[in-house]
Amino acid sequence: MLLSSLMLFVAATEPVGKNETAPVKQDAFAGRENGTIAFASQIDGFSVKREGHDDILYLNTGLGRWYRAPLNCFGMGDPSSAIGIIPYDYHGGSIDKFSRFKLLGIDRMDKNECTISALIELTPQETVTFGLESQKQVDARLAKAKPKN
């Protein structure tokens, strides 16, 4: 019984064949240009979510403009439980893919210092996909922005 279980385990864990390649995860944002937030004071809200093994910072600059920034953090605490954000080391007041943030948690010891590796502006449909806005909010905003005839 033990030998058959071991054989089954070995068969299930064999590497991909020599001529086969493992599927590569495609980055949905590859090739998209990095954005810039002109002033740190434009940030109206934020959200940190875990996607797979990565922590992603979503920044809202108002009027439905959301930006996605993958985080590289060090420090104590879980970035996804952050209740406050302090941008620092930003360039000329603007936030770009080289900016750094402090994420603050409920406990005063719960701090993370993070750098972002990209800053991608999201489309209205992507804000719905990532759960940042509802489809109803997006439709209402787009209807207001539509020129009246």
# chains A, B, ... in the order shown; residues from 1 in each chain; ligands from 1

$ select_by_dssp --residues "region 93-130 of chain A" --states "strand (DSSP E)" --output "PyMOL selection string"
chain A and resi 100-104+111-116+120-121

$ residues_around --residues "region 57-71 of chain A" --least-positions-apart "2" --cutoff "6 Å" --atoms "only C-alpha atoms" --output "compact mmCIF listing (two decimals) with N, CA and C atoms, in the first residue's frame"
# COMPACT_ATOMS: atom_id res chain seq x y z
N GLN A 42 -3.72 64.98 -4.50
CA GLN A 42 -4.86 64.57 -5.31
C GLN A 42 -5.43 63.21 -4.89
N ILE A 43 -4.72 62.46 -4.06
CA ILE A 43 -5.18 61.14 -3.66
C ILE A 43 -6.37 61.28 -2.72
N ASP A 44 -7.52 60.78 -3.17
CA ASP A 44 -8.75 60.84 -2.36
C ASP A 44 -8.97 59.58 -1.53
N GLY A 45 -8.46 58.47 -1.99
CA GLY A 45 -8.66 57.22 -1.29
C GLY A 45 -7.71 56.17 -1.81
N PHE A 46 -7.66 55.05 -1.10
CA PHE A 46 -6.78 53.95 -1.50
C PHE A 46 -7.37 52.63 -1.04
N SER A 47 -6.86 51.58 -1.62
CA SER A 47 -7.22 50.23 -1.22
C SER A 47 -6.01 49.35 -1.49
N VAL A 48 -5.73 48.42 -0.59
CA VAL A 48 -4.66 47.46 -0.80
C VAL A 48 -5.29 46.08 -0.85
N ASP A 55 0.88 42.06 -3.30
CA ASP A 55 0.04 43.11 -2.73
C ASP A 55 -0.03 44.23 -3.75
N THR A 115 7.61 50.37 -1.79
CA THR A 115 7.90 51.03 -3.07
C THR A 115 6.94 50.44 -4.09
N ILE A 116 6.64 51.22 -5.10
CA ILE A 116 5.78 50.72 -6.17
C ILE A 116 6.65 50.50 -7.41
N SER A 117 6.29 49.51 -8.19
CA SER A 117 7.09 49.19 -9.37
C SER A 117 6.43 49.62 -10.67
N ALA A 118 5.19 50.07 -10.59
CA ALA A 118 4.47 50.56 -11.76
C ALA A 118 3.29 51.40 -11.26
N LEU A 119 2.78 52.25 -12.11
CA LEU A 119 1.60 53.05 -11.79
C LEU A 119 0.75 53.12 -13.06
N ILE A 120 -0.24 52.24 -13.13
CA ILE A 120 -1.05 52.09 -14.34
C ILE A 120 -2.45 52.66 -14.09
N GLU A 121 -2.89 53.57 -14.95
CA GLU A 121 -4.26 54.09 -14.84
C GLU A 121 -5.22 53.04 -15.35
N LEU A 122 -6.28 52.78 -14.57
CA LEU A 122 -7.26 51.76 -14.93
C LEU A 122 -8.38 52.35 -15.76

$ select_by_dssp --residues "region 26-141 of chain A" --states "alpha helix (DSSP H)" --output "list in words"
Pro124, Gln125, Glu126, Thr127, Val128, Thr129, Gln135, Lys136, Gln137, Val138, Asp139, Ala140 and Arg141 of chain A

$ closest_residue --among "A:Glu126, A:Gly92, A:Ser134, A:Ala82" --to "Ile106 (chain A)" --atoms "only C-alpha atoms"
A:Ala82

$ residues_around --residues "region 98-103 of chain A" --least-positions-apart "5" --cutoff "10 Å" --atoms "only C-alpha atoms" --output "PyMOL selection string"
chain A and resi 48+71-75+77-91+110-119
